[in-house]
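Peer 1: Contents are PDB, C-alpha atoms and all ligand atoms; file name my_file.pdb:
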MODEL        1
ATOM      1  CA  MET G   4      21.603  16.089   1.062
ATOM      2  CA  ASN G   5      20.151  15.764  -2.412
ATOM      3  CA  ASN G   6      20.328  12.321  -3.985
ATOM      4  CA  THR G   7      19.255  13.454  -7.448
ATOM      5  CA  VAL G   8      20.994  11.657 -10.289
ATOM      6  CA  THR G   9      20.281  12.646 -13.907
ATOM      7  CA  LYS G  10      18.765   9.762 -15.875
ATOM      8  CA  PRO G  11      17.519   9.366 -19.458
ATOM      9  CA  ALA G  12      13.913  10.501 -20.006
ATOM     10  CA  ASN G  13      12.546   7.056 -20.884
ATOM     11  CA  ILE G  14      13.283   5.671 -17.444
ATOM     12  CA  ALA G  15       9.988   6.956 -15.985
ATOM     13  CA  ALA G  16       7.691   4.232 -14.624
ATOM     14  CA  ILE G  17       5.088   3.558 -11.948
ATOM     15  CA  ALA G  18       3.963   0.399 -10.147
ATOM     16  CA  ILE G  19       0.954  -0.017  -7.861
ATOM     17  CA  HIS G  20      -0.555  -2.676  -5.609
ATOM     18  CA  GLY G  21      -3.942  -3.213  -4.010
ATOM     19  CA  GLY G  22      -3.093  -5.909  -1.478
ATOM     20  CA  ALA G  23      -1.925  -9.525  -1.481
ATOM     21  CA  GLY G  24      -3.450 -12.738  -0.139
ATOM     22  CA  THR G  25      -5.189 -15.974  -1.005
ATOM     23  CA  ILE G  26      -7.003 -14.533  -3.958
ATOM     24  CA  LEU G  27      -8.963 -17.515  -5.262
ATOM     25  CA  ARG G  28      -9.212 -17.654  -9.013
ATOM     26  CA  SER G  29     -11.954 -20.271  -8.689
ATOM     27  CA  ALA G  30     -14.124 -17.946  -6.631
ATOM     28  CA  MET G  31     -13.558 -14.833  -8.709
ATOM     29  CA  ASN G  32     -15.939 -14.231 -11.597
ATOM     30  CA  THR G  33     -15.037 -12.487 -14.807
ATOM     31  CA  ALA G  34     -16.858  -9.292 -13.881
ATOM     32  CA  GLN G  35     -15.010  -9.039 -10.562
ATOM     33  CA  GLU G  36     -11.664  -9.673 -12.212
ATOM     34  CA  GLN G  37     -12.473  -7.060 -14.825
ATOM     35  CA  ALA G  38     -13.407  -4.505 -12.154
ATOM     36  CA  TYR G  39      -9.968  -4.916 -10.554
ATOM     37  CA  HIS G  40      -8.111  -4.756 -13.861
ATOM     38  CA  ASP G  41     -10.094  -1.664 -14.882
ATOM     39  CA  ALA G  42      -9.376   0.112 -11.602
ATOM     40  CA  LEU G  43      -5.659  -0.746 -11.730
ATOM     41  CA  ASN G  44      -5.409   0.348 -15.383
ATOM     42  CA  GLU G  45      -7.166   3.637 -14.777
ATOM     43  CA  ILE G  46      -4.882   4.454 -11.849
ATOM     44  CA  LEU G  47      -1.721   3.444 -13.719
ATOM     45  CA  GLY G  48      -2.851   5.632 -16.616
ATOM     46  CA  ALA G  49      -3.169   8.648 -14.333
ATOM     47  CA  GLY G  50       0.306   8.032 -12.896
ATOM     48  CA  GLN G  51       1.782   7.480 -16.344
ATOM     49  CA  LYS G  52       0.336  10.786 -17.547
ATOM     50  CA  ILE G  53       1.896  12.716 -14.666
ATOM     51  CA  LEU G  54       5.281  11.147 -15.415
ATOM     52  CA  ALA G  55       4.964  11.630 -19.192
ATOM     53  CA  ASP G  56       4.202  15.323 -18.643
ATOM     54  CA  GLY G  57       7.421  15.670 -16.682
ATOM     55  CA  GLY G  58       5.755  15.453 -13.260
ATOM     56  CA  SER G  59       7.572  14.161 -10.211
ATOM     57  CA  ALA G  60       7.593  10.608  -8.878
ATOM     58  CA  LEU G  61       6.204  12.087  -5.659
ATOM     59  CA  ASP G  62       3.177  13.542  -7.472
ATOM     60  CA  ALA G  63       2.641  10.273  -9.353
ATOM     61  CA  VAL G  64       2.592   8.075  -6.230
ATOM     62  CA  ALA G  65       0.429  10.536  -4.276
ATOM     63  CA  CYS G  66      -2.092  10.660  -7.125
ATOM     64  CA  ALA G  67      -2.138   6.883  -7.603
ATOM     65  CA  VAL G  68      -2.579   6.132  -3.905
ATOM     66  CA  SER G  69      -5.309   8.745  -3.457
ATOM     67  CA  MET G  70      -7.189   7.107  -6.349
ATOM     68  CA  LEU G  71      -6.720   3.678  -4.755
ATOM     69  CA  GLU G  72      -8.048   5.171  -1.498
ATOM     70  CA  ASP G  73     -11.136   6.502  -3.285
ATOM     71  CA  CYS G  74     -11.861   3.090  -4.852
ATOM     72  CA  PRO G  75     -13.986   0.911  -2.493
ATOM     73  CA  LEU G  76     -12.469  -2.286  -3.937
ATOM     74  CA  PHE G  77      -9.343  -1.702  -1.869
ATOM     75  CA  ASN G  78      -8.687  -1.557   1.890
ATOM     76  CA  ALA G  79      -7.640   2.071   2.229
ATOM     77  CA  GLY G  80      -9.699   5.257   2.459
ATOM     78  CA  LYS G  81     -13.242   4.440   1.260
ATOM     79  CA  GLY G  82     -13.617   0.701   1.779
ATOM     80  CA  ALA G  83     -11.198   0.464   4.706
ATOM     81  CA  VAL G  84     -11.673  -2.385   7.166
ATOM     82  CA  TYR G  85     -13.198  -2.092  10.663
ATOM     83  CA  THR G  86     -11.419  -2.234  14.007
ATOM     84  CA  HIS G  87     -12.616  -4.466  16.846
ATOM     85  CA  ALA G  88     -14.729  -1.539  18.057
ATOM     86  CA  GLY G  89     -16.428  -1.125  14.679
ATOM     87  CA  THR G  90     -14.499   2.024  13.832
ATOM     88  CA  HIS G  91     -11.951   2.868  11.120
ATOM     89  CA  GLU G  92      -8.336   3.788  11.872
ATOM     90  CA  LEU G  93      -6.288   4.645   8.824
ATOM     91  CA  ASP G  94      -2.508   4.745   8.350
ATOM     92  CA  ALA G  95      -0.365   6.083   5.482
ATOM     93  CA  ALA G  96       3.178   7.128   4.608
ATOM     94  CA  ILE G  97       4.960   8.810   1.723
ATOM     95  CA  MET G  98       8.677   9.211   1.024
ATOM     96  CA  ASP G  99      10.713  11.244  -1.442
ATOM     97  CA  GLY G 100      13.824   9.361  -2.548
ATOM     98  CA  ALA G 101      15.581  12.522  -3.717
ATOM     99  CA  THR G 102      15.756  14.104  -0.266
ATOM    100  CA  LEU G 103      14.740  11.281   2.114
ATOM    101  CA  ASP G 104      11.918  13.575   3.237
ATOM    102  CA  ALA G 105       9.029  11.540   4.581
ATOM    103  CA  GLY G 106       5.609  12.027   6.130
ATOM    104  CA  ALA G 107       3.166   9.678   7.807
ATOM    105  CA  VAL G 108      -0.110   9.587   9.686
ATOM    106  CA  ALA G 109      -1.555   6.802  11.814
ATOM    107  CA  MET G 110      -4.871   6.153  13.539
ATOM    108  CA  VAL G 111      -6.703   8.902  11.690
ATOM    109  CA  GLU G 112     -10.488   8.477  11.618
ATOM    110  CA  HIS G 113     -11.725  11.452   9.610
ATOM    111  CA  VAL G 114      -9.212  11.945   6.796
ATOM    112  CA  ARG G 115     -10.660  11.136   3.395
ATOM    113  CA  ASN G 116      -7.241  10.574   1.789
ATOM    114  CA  PRO G 117      -4.640   9.627   4.389
ATOM    115  CA  ILE G 118      -1.862   9.752   1.782
ATOM    116  CA  LEU G 119      -2.525  13.461   1.250
ATOM    117  CA  ALA G 120      -2.367  13.903   5.014
ATOM    118  CA  ALA G 121       0.994  12.104   5.079
ATOM    119  CA  ARG G 122       2.234  14.453   2.382
ATOM    120  CA  ALA G 123       0.962  17.471   4.304
ATOM    121  CA  VAL G 124       2.939  16.305   7.354
ATOM    122  CA  MET G 125       6.029  15.870   5.177
ATOM    123  CA  GLU G 126       5.760  19.269   3.545
ATOM    124  CA  ASN G 127       4.477  21.446   6.382
ATOM    125  CA  SER G 128       5.845  20.109   9.652
ATOM    126  CA  GLU G 129       9.259  19.426  11.089
ATOM    127  CA  HIS G 130       8.032  15.959  12.060
ATOM    128  CA  ILE G 131       7.727  12.677  10.185
ATOM    129  CA  MET G 132       4.670  11.117  11.804
ATOM    130  CA  LEU G 133       1.562  12.548  13.426
ATOM    131  CA  VAL G 134      -1.186  10.343  14.844
ATOM    132  CA  GLY G 135      -4.842  10.557  15.811
ATOM    133  CA  ALA G 136      -6.589  13.816  16.593
ATOM    134  CA  GLY G 137      -3.385  15.842  16.462
ATOM    135  CA  ALA G 138      -2.697  14.647  12.944
ATOM    136  CA  GLU G 139      -6.244  15.472  11.860
ATOM    137  CA  ALA G 140      -6.146  18.973  13.298
ATOM    138  CA  PHE G 141      -2.774  19.664  11.679
ATOM    139  CA  VAL G 142      -3.621  18.418   8.195
ATOM    140  CA  ALA G 143      -7.006  20.180   8.195
ATOM    141  CA  GLN G 144      -5.092  23.435   8.649
ATOM    142  CA  HIS G 145      -3.220  22.560   5.475
ATOM    143  CA  GLY G 146      -6.274  21.964   3.336
ATOM    144  CA  VAL G 147      -6.650  18.183   3.676
ATOM    145  CA  GLU G 148     -10.317  17.114   3.536
ATOM    146  CA  LEU G 149     -11.922  15.643   6.652
ATOM    147  CA  VAL G 150     -15.052  13.464   6.468
ATOM    148  CA  GLU G 151     -17.460  11.852   8.904
ATOM    149  CA  PRO G 152     -16.521   8.257   9.827
ATOM    150  CA  GLU G 153     -19.584   6.986   7.913
ATOM    151  CA  TYR G 154     -17.802   7.933   4.710
ATOM    152  CA  PHE G 155     -15.558   4.864   5.096
ATOM    153  CA  HIS G 156     -18.455   2.435   5.566
ATOM    154  CA  THR G 157     -19.078  -0.284   3.006
ATOM    155  CA  GLU G 158     -21.562  -3.117   3.507
ATOM    156  CA  ALA G 159     -19.015  -5.707   2.501
ATOM    157  CA  ARG G 160     -16.381  -4.658   5.033
ATOM    158  CA  HIS G 161     -19.013  -4.346   7.735
ATOM    159  CA  ALA G 162     -20.212  -7.908   7.115
ATOM    160  CA  GLN G 163     -16.601  -9.077   7.106
ATOM    161  CA  TRP G 164     -15.992  -7.384  10.452
ATOM    162  CA  LEU G 165     -19.099  -8.947  12.033
ATOM    163  CA  ARG G 166     -17.866 -12.397  11.045
ATOM    164  CA  ALA G 167     -14.367 -11.716  12.336
ATOM    165  CA  ARG G 168     -15.675 -10.343  15.613
ATOM    166  CA  ASP G 169     -17.847 -13.416  16.090
ATOM    167  CA  LYS G 170     -14.868 -15.717  15.679
ATOM    168  CA  GLU G 171     -13.132 -14.710  18.875
ATOM    169  CA  GLY G 172      -9.496 -13.790  18.606
ATOM    170  CA  MET G 173      -9.468 -13.803  14.864
ATOM    171  CA  LEU G 174      -7.966 -11.043  12.804
ATOM    172  CA  LEU G 175      -9.169 -10.911   9.235
ATOM    173  CA  LEU G 176      -6.859  -9.465   6.674
ATOM    174  CA  ASP G 177      -8.988  -7.395   4.338
ATOM    175  CA  HIS G 178     -11.432  -8.744   1.731
ATOM    176  CA  ASP G 179     -12.999 -12.165   1.960
ATOM    177  CA  ALA G 180     -14.866 -14.582  -0.173
ATOM    178  CA  THR G 181     -18.228 -15.223   1.379
ATOM    179  CA  SER G 182     -21.629 -14.404  -0.006
ATOM    180  CA  GLN G 183     -22.227 -11.504   2.400
ATOM    181  CA  ALA G 184     -19.236  -9.825   0.862
ATOM    182  CA  ALA G 185     -19.963 -10.783  -2.694
ATOM    183  CA  GLU G 186     -19.206  -7.387  -4.120
ATOM    184  CA  ILE G 187     -15.578  -7.556  -3.059
ATOM    185  CA  ALA G 188     -13.005 -10.045  -4.168
ATOM    186  CA  PRO G 189     -13.414 -13.724  -3.314
ATOM    187  CA  ILE G 190     -10.560 -14.417  -1.007
ATOM    188  CA  ASP G 191     -10.012 -16.829   1.812
ATOM    189  CA  PRO G 192     -11.475 -15.082   4.874
ATOM    190  CA  ASP G 193      -8.427 -15.817   6.983
ATOM    191  CA  ASP G 194      -5.901 -14.933   4.440
ATOM    192  CA  LYS G 195      -6.188 -11.620   2.660
ATOM    193  CA  PHE G 196      -4.042  -8.579   3.103
ATOM    194  CA  GLY G 197      -5.223  -5.206   1.987
ATOM    195  CA  THR G 198      -3.294  -1.987   1.820
ATOM    196  CA  VAL G 199      -2.554  -0.038  -1.317
ATOM    197  CA  GLY G 200       0.667   1.448  -2.538
ATOM    198  CA  ALA G 201       2.616   2.995  -5.371
ATOM    199  CA  VAL G 202       6.262   3.430  -6.303
ATOM    200  CA  ALA G 203       7.596   5.516  -9.166
ATOM    201  CA  ILE G 204      10.675   6.860 -10.883
ATOM    202  CA  ASP G 205      10.347  10.089 -12.837
ATOM    203  CA  MET G 206      12.257  11.277 -15.881
ATOM    204  CA  HIS G 207      14.809  13.000 -13.634
ATOM    205  CA  GLY G 208      15.634   9.699 -11.930
ATOM    206  CA  ASN G 209      13.899  10.601  -8.677
ATOM    207  CA  LEU G 210      12.196   7.785  -6.766
ATOM    208  CA  ALA G 211       9.156   7.976  -4.473
ATOM    209  CA  ALA G 212       6.982   5.529  -2.528
ATOM    210  CA  ALA G 213       3.546   5.750  -0.906
ATOM    211  CA  THR G 214       1.530   3.264   1.169
ATOM    212  CA  SER G 215      -1.971   3.558   2.689
ATOM    213  CA  THR G 216      -4.135   1.109   4.623
ATOM    214  CA  GLY G 217      -7.140   0.488   6.812
ATOM    215  CA  GLY G 218      -5.003  -2.167   8.515
ATOM    216  CA  ILE G 219      -6.423  -5.536   9.492
ATOM    217  CA  THR G 220     -10.101  -6.360  10.002
ATOM    218  CA  ASN G 221     -11.040  -6.561  13.665
ATOM    219  CA  LYS G 222      -7.648  -5.166  14.698
ATOM    220  CA  ARG G 223      -7.272  -3.958  18.258
ATOM    221  CA  VAL G 224      -8.087  -0.276  18.653
ATOM    222  CA  GLY G 225      -4.791   1.603  18.576
ATOM    223  CA  ARG G 226      -2.921  -1.054  16.606
ATOM    224  CA  VAL G 227      -0.609   0.386  13.968
ATOM    225  CA  GLY G 228       1.077  -1.849  11.394
ATOM    226  CA  ASP G 229       3.959  -1.475   8.999
ATOM    227  CA  SER G 230       2.275   0.675   6.365
ATOM    228  CA  PRO G 231       2.939   4.122   7.898
ATOM    229  CA  LEU G 232       6.379   3.184   9.256
ATOM    230  CA  ILE G 233       9.251   4.449   7.136
ATOM    231  CA  GLY G 234      11.504   1.475   6.361
ATOM    232  CA  ALA G 235       8.903  -1.181   7.196
ATOM    233  CA  GLY G 236       6.023  -0.748   4.717
ATOM    234  CA  CYS G 237       7.317   2.248   2.764
ATOM    235  CA  TYR G 238      10.778   3.452   1.746
ATOM    236  CA  ALA G 239      12.424   5.436  -1.057
ATOM    237  CA  ASN G 240      16.031   6.423  -1.657
ATOM    238  CA  ASN G 241      17.396   7.610  -5.006
ATOM    239  CA  ARG G 242      20.609   5.715  -4.310
ATOM    240  CA  THR G 243      18.791   2.391  -4.324
ATOM    241  CA  VAL G 244      15.055   1.745  -4.510
ATOM    242  CA  ALA G 245      11.447   2.723  -3.782
ATOM    243  CA  VAL G 246       9.333   0.073  -2.004
ATOM    244  CA  SER G 247       5.688  -0.249  -0.899
ATOM    245  CA  ALA G 248       4.616  -3.381   0.986
ATOM    246  CA  THR G 249       1.432  -5.266   1.872
ATOM    247  CA  GLY G 250       0.962  -8.205   4.203
ATOM    248  CA  THR G 251       1.208  -9.243   7.836
ATOM    249  CA  GLY G 252       2.391  -5.894   9.120
ATOM    250  CA  GLU G 253       4.091  -7.167  12.246
ATOM    251  CA  ALA G 254       6.525  -9.318  10.236
ATOM    252  CA  PHE G 255       7.340  -6.428   7.922
ATOM    253  CA  MET G 256       8.052  -4.322  11.019
ATOM    254  CA  ARG G 257      10.282  -6.948  12.638
ATOM    255  CA  THR G 258      12.346  -7.349   9.485
ATOM    256  CA  VAL G 259      12.234  -3.650   8.498
ATOM    257  CA  ALA G 260      11.382  -5.174   5.148
ATOM    258  CA  ALA G 261      11.307  -2.165   2.819
ATOM    259  CA  TYR G 262      14.581  -0.761   4.125
ATOM    260  CA  ASP G 263      16.159  -4.208   4.165
ATOM    261  CA  ILE G 264      15.818  -4.333   0.382
ATOM    262  CA  SER G 265      17.562  -0.971   0.094
ATOM    263  CA  ALA G 266      20.311  -2.038   2.516
ATOM    264  CA  ARG G 267      20.954  -5.297   0.656
ATOM    265  CA  MET G 268      21.355  -3.310  -2.551
ATOM    266  CA  GLU G 269      23.508  -0.574  -1.071
ATOM    267  CA  TYR G 270      25.745  -2.565   1.274
ATOM    268  CA  ALA G 271      25.733  -6.073  -0.156
ATOM    269  CA  GLY G 272      25.616  -5.122  -3.830
ATOM    270  CA  GLN G 273      22.535  -7.225  -4.508
ATOM    271  CA  SER G 274      20.374  -6.502  -7.546
ATOM    272  CA  LEU G 275      16.800  -5.364  -6.949
ATOM    273  CA  LYS G 276      15.561  -8.778  -8.049
ATOM    274  CA  GLU G 277      17.848 -10.679  -5.664
ATOM    275  CA  ALA G 278      17.126  -8.399  -2.727
ATOM    276  CA  ALA G 279      13.356  -8.424  -3.181
ATOM    277  CA  GLU G 280      13.202 -12.189  -3.740
ATOM    278  CA  GLN G 281      15.240 -12.911  -0.623
ATOM    279  CA  VAL G 282      13.159 -10.613   1.563
ATOM    280  CA  VAL G 283       9.766 -11.815   0.308
ATOM    281  CA  MET G 284      10.488 -15.517  -0.261
ATOM    282  CA  ASP G 285      13.015 -16.221   2.492
ATOM    283  CA  LEU G 286      13.300 -13.576   5.222
ATOM    284  CA  LEU G 287       9.604 -12.744   5.764
ATOM    285  CA  PRO G 288       8.385 -16.383   5.864
ATOM    286  CA  ARG G 289      10.858 -17.049   8.709
ATOM    287  CA  TYR G 290       8.746 -14.661  10.808
ATOM    288  CA  LYS G 291       5.396 -15.897   9.462
ATOM    289  CA  GLY G 292       5.380 -12.904   7.146
ATOM    290  CA  ARG G 293       2.941 -13.273   4.282
ATOM    291  CA  GLY G 294       2.315 -10.725   1.580
ATOM    292  CA  GLY G 295       4.268  -8.933  -1.072
ATOM    293  CA  LEU G 296       5.678  -5.661  -2.263
ATOM    294  CA  ILE G 297       6.300  -3.518  -5.298
ATOM    295  CA  ALA G 298       9.654  -1.875  -5.960
ATOM    296  CA  ILE G 299      11.422   0.225  -8.593
ATOM    297  CA  ASP G 300      15.166   0.761  -8.487
ATOM    298  CA  ALA G 301      17.240   3.748  -9.535
ATOM    299  CA  GLN G 302      17.742   2.216 -12.999
ATOM    300  CA  GLY G 303      13.992   1.862 -13.540
ATOM    301  CA  ASN G 304      13.824  -1.917 -12.976
ATOM    302  CA  VAL G 305      10.460  -3.032 -11.570
ATOM    303  CA  VAL G 306       9.681  -6.085  -9.388
ATOM    304  CA  LEU G 307       6.350  -7.142  -7.833
ATOM    305  CA  PRO G 308       7.078 -10.270  -5.733
ATOM    306  CA  PHE G 309       4.628 -11.887  -3.284
ATOM    307  CA  ASN G 310       4.540 -15.133  -1.295
ATOM    308  CA  THR G 311       0.733 -15.487  -1.302
ATOM    309  CA  GLU G 312      -1.572 -16.834  -4.010
ATOM    310  CA  GLY G 313      -2.155 -13.418  -5.472
ATOM    311  CA  MET G 314      -1.597  -9.692  -5.279
ATOM    312  CA  TYR G 315      -3.526  -6.981  -7.093
ATOM    313  CA  ARG G 316      -0.781  -5.245  -8.987
ATOM    314  CA  GLY G 317       0.361  -3.464 -12.103
ATOM    315  CA  PHE G 318       3.086  -1.363 -13.606
ATOM    316  CA  ALA G 319       3.481   1.023 -16.490
ATOM    317  CA  LYS G 320       6.516   2.531 -18.130
ATOM    318  CA  VAL G 321       5.981   5.855 -19.837
ATOM    319  CA  GLY G 322       5.135   5.311 -23.496
ATOM    320  CA  GLU G 323       4.283   1.631 -23.004
ATOM    321  CA  THR G 324       1.045  -0.258 -22.353
ATOM    322  CA  ALA G 325       0.282  -0.855 -18.685
ATOM    323  CA  VAL G 326       0.399  -4.424 -17.348
ATOM    324  CA  THR G 327      -1.996  -5.551 -14.584
ATOM    325  CA  ALA G 328      -2.265  -8.903 -12.828
ATOM    326  CA  ILE G 329      -3.982 -10.593  -9.885
ATOM    327  CA  TYR G 330      -2.739 -14.190  -9.603
ATOM    328  CA  LYS G 331       0.695 -15.815  -9.675
TER     329      LYS G 331
HETATM  330  N1  LIG G 401       0.340  -4.388   6.183
HETATM  331  C1  LIG G 401      -0.966  -3.925   6.615
HETATM  332  C2  LIG G 401      -0.990  -3.817   8.107
HETATM  333  O1  LIG G 401      -0.415  -4.667   8.751
HETATM  334  C3  LIG G 401      -2.064  -4.827   6.226
HETATM  335  C4  LIG G 401      -2.122  -5.181   4.808
HETATM  336  O2  LIG G 401      -1.183  -5.011   4.045
HETATM  337  O3  LIG G 401      -3.196  -5.638   4.420
HETATM  338  O4  LIG G 401      -1.641  -2.933   8.613
ENDMDL
END
Is it possible to express this structure as structure tokens?
Peer 2:
Amino acid sequence: MNNTVTKPANIAAIAIHGGAGTILRSAMNTAQEQAYHDALNEILGAGQKILADGGSALDAVACAVSMLEDCPLFNAGKGAVYTHAGTHELDAAIMDGATLDAGAVAMVEHVRNPILAARAVMENSEHIMLVGAGAEAFVAQHGVELVEPEYFHTEARHAQWLRARDKEGMLLLDHDATSQAAEIAPIDPDDKFGTVGAVAIDMHGNLAAATSTGGITNKRVGRVGDSPLIGAGCYANNRTVAVSATGTGEAFMRTVAAYDISARMEYAGQSLKEAAEQVVMDLLPRYKGRGGLIAIDAQGNVVLPFNTEGMYRGFAKVGETAVTAIYK
């Protein structure tokens, strides 16, 4: 089935996120803030250009997320967090709202850009999700770049992992605020979610969503969160909405958070704003779910709600100046 609906050209827009959490304004210096704004602006600009040139929402979100993966400021691709064993296990998903085609990878350890691997699964296999070594072998056959695990290493994440490992039983959620990790954002060490994502609508009215993550610092080997699960951390449907989430993955899985927004819109007639607010501010907190999401609906409305102190985020409509933000 094709969900394509013809829309006016000026509807095209993209939104991105780089994780939510207790992002402490007091601990963030001007240079750090600027680095985040610059990265978000550059990536939004690239997505905007694709959309302005008539490119697809799918191309825009894949490009934006691969740039977020390449940027060590964010917990995906280069700069991903460490597992309990001191390794990296990366997860990603992508979805095309026009066709409901989707692709995902989980627990990959050698894929430079997991979002491109997810797209390769979507476009070249009859499956939706491939994991581990099988995923790597398959995507390599389709031209996706593999790297040695050292590629993902950053001093800051390594120091963060050592601290988490030393505090037994503690799972750190991405960046933290201590001096050992000074080059990444000052954030409460117990309270930062990483993950990156993008959602877009193109000038043909097609929606797409993409999400990529290193997961949670010190996570158990083999743990997979919401990010690569269609409907939990990533969802797109031209009839309703495109969503990419970040936060405590298990709560987003239990509530099927991304799809729940779509279902509220489709079956209960809620607006994007109502649906997103209720999921982020009411439903998720009932299951200790902390984090946020970005979403664009089929009319081009954009929301970026979160229930934490901050979320790295931004959006850009074609032909308009991009807007980026970190705090509430
Ligand atoms: N949702 C991601 C996960 O649970 C983590 C995050 O967003 O930081 O793997």
Peer 1: Given the PyMOL selection byres (((chain G and resi 78) around 10) and not hetatm) and the file above, list the residues it selects as a ChimeraX atom specification.
Peer 2: /G:21-22,71-77,79-85,93,155,160,176-178,196-199,215-220
Peer 1: Please dump the current selection as a short mmCIF file (atom, residue, chain, number, x, y, z; two decimals), in the frame of the given file; keep C-alpha atoms.
Peer 2:
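Contents of selection.cif, as written:
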data_model
loop_
_atom_site.label_atom_id
_atom_site.label_comp_id
_atom_site.auth_asym_id
_atom_site.auth_seq_id
_atom_site.Cartn_x
_atom_site.Cartn_y
_atom_site.Cartn_z
CA GLY G 21 -3.94 -3.21 -4.01
CA GLY G 22 -3.09 -5.91 -1.48
CA LEU G 71 -6.72 3.68 -4.76
CA GLU G 72 -8.05 5.17 -1.50
CA ASP G 73 -11.14 6.50 -3.28
CA CYS G 74 -11.86 3.09 -4.85
CA PRO G 75 -13.99 0.91 -2.49
CA LEU G 76 -12.47 -2.29 -3.94
CA PHE G 77 -9.34 -1.70 -1.87
CA ALA G 79 -7.64 2.07 2.23
CA GLY G 80 -9.70 5.26 2.46
CA LYS G 81 -13.24 4.44 1.26
CA GLY G 82 -13.62 0.70 1.78
CA ALA G 83 -11.20 0.46 4.71
CA VAL G 84 -11.67 -2.38 7.17
CA TYR G 85 -13.20 -2.09 10.66
CA LEU G 93 -6.29 4.64 8.82
CA PHE G 155 -15.56 4.86 5.10
CA ARG G 160 -16.38 -4.66 5.03
CA LEU G 176 -6.86 -9.46 6.67
CA ASP G 177 -8.99 -7.40 4.34
CA HIS G 178 -11.43 -8.74 1.73
CA PHE G 196 -4.04 -8.58 3.10
CA GLY G 197 -5.22 -5.21 1.99
CA THR G 198 -3.29 -1.99 1.82
CA VAL G 199 -2.55 -0.04 -1.32
CA SER G 215 -1.97 3.56 2.69
CA THR G 216 -4.14 1.11 4.62
CA GLY G 217 -7.14 0.49 6.81
CA GLY G 218 -5.00 -2.17 8.52
CA ILE G 219 -6.42 -5.54 9.49
CA THR G 220 -10.10 -6.36 10.00
#
Peer 1: I'd like the interatomic distance between atom CA of G:Thr33 and atom CA of G:Met70, to a tenth of an Å.
Peer 2: 22.7 Å
Peer 1: Could you check how far atom CA of G:Ile19 sits from atom CA of G:Val306, in Å to one decimal?
Peer 2: 10.7 Å
Peer 1: Atom CA of G:Ala248 and atom CA of G:Leu61 are how many Å apart?
Peer 2: 16.9 Å
Peer 1: My list of candidates is G:Arg226, G:Arg168, G:His87, G:Arg316. Which is closest to ligand LIG 401 (chain G) when distances are computed with all atoms listed in the file?
Peer 2: G:Arg226
Peer 1: Between G:Gly292, G:Gly317, G:Gly252, G:Gly234, which has the minimum distance to ligand LIG 401 (chain G) (counting all atoms listed in the file)?
Peer 2: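 The answer is G:Gly252, which sits nearest to ligand LIG 401 (chain G).
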Peer 1: Compare G:Glu148, G:Asp62, G:Asp229, G:Asp56 by their minimum atom-to-atom distance to ligand LIG 401 (chain G), counting only C-alpha atoms and all ligand atoms, and give me the closest one.
Peer 2: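 When distances to ligand LIG 401 (chain G) are compared using only C-alpha atoms and all ligand atoms, the smallest one comes from G:Asp229.
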Peer 1: Name the residues that the PyMOL selection byres (((chain G and resi 279) around 9) and not hetatm) picks from the file above, as a ChimeraX atom specification, using the file's chain letters and numbers.
Peer 2: /G:261,263-264,274-278,280-284,296-298,306-308
Peer 1: Counting all atoms listed in the file, what is within 12 Å of G:Ala143, bar same-chain residues fewer than 2 positions away, as a list in words?
Peer 2: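 Selected residues are Val111, His113, Val114, Arg115, Asn116, Pro117, Leu119, Ala120, Ala121, Ala123, Val124, Asn127, Ala136, Gly137, Ala138, Glu139, Ala140, Phe141, His145, Gly146, Val147, Glu148, Leu149 and Val150 of chain G.
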Peer 1: With distances taken over only C-alpha atoms, which residue among G:Thr251, G:Thr90, G:Thr243, G:Asn221 lies nearest G:Pro288?
Peer 2: G:Thr251
Peer 1: Between G:Ile53, G:Ile204, G:Ala23, G:Ile97, which one has atoms that come closest to ligand LIG 401 (chain G), using all atoms listed in the file?
Peer 2: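 Distance minimum relative to ligand LIG 401 (chain G) lands on G:Ala23.
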Peer 1: Report as an NGL selection string the full result of the PyMOL selection byres (((chain G and resi 262) around 10) and not hetatm) when it is applied to this structure.
Peer 2: :G and (233-240 or 243-246 or 255 or 258-261 or 263-268)
Peer 1: Determine the axis-aligned bounding box of all atoms of ligand LIG 401 (chain G) present in the file, pad each side by 4 Å, and express its centre and edge lengths in Å to one decimal place as AutoDock Vina command-line options.
Peer 2:
--center_x -1.4 --center_y -4.3 --center_z 6.4 --size_x 11.5 --size_y 10.7 --size_z 12.7
Peer 1: Measuring between all atoms listed in the file, which one of G:Gln51, G:Gln302, G:Asn32, G:Ala109 shows the shortest distance to G:His207?
Peer 2: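 The closest residue to G:His207 is G:Gln302.
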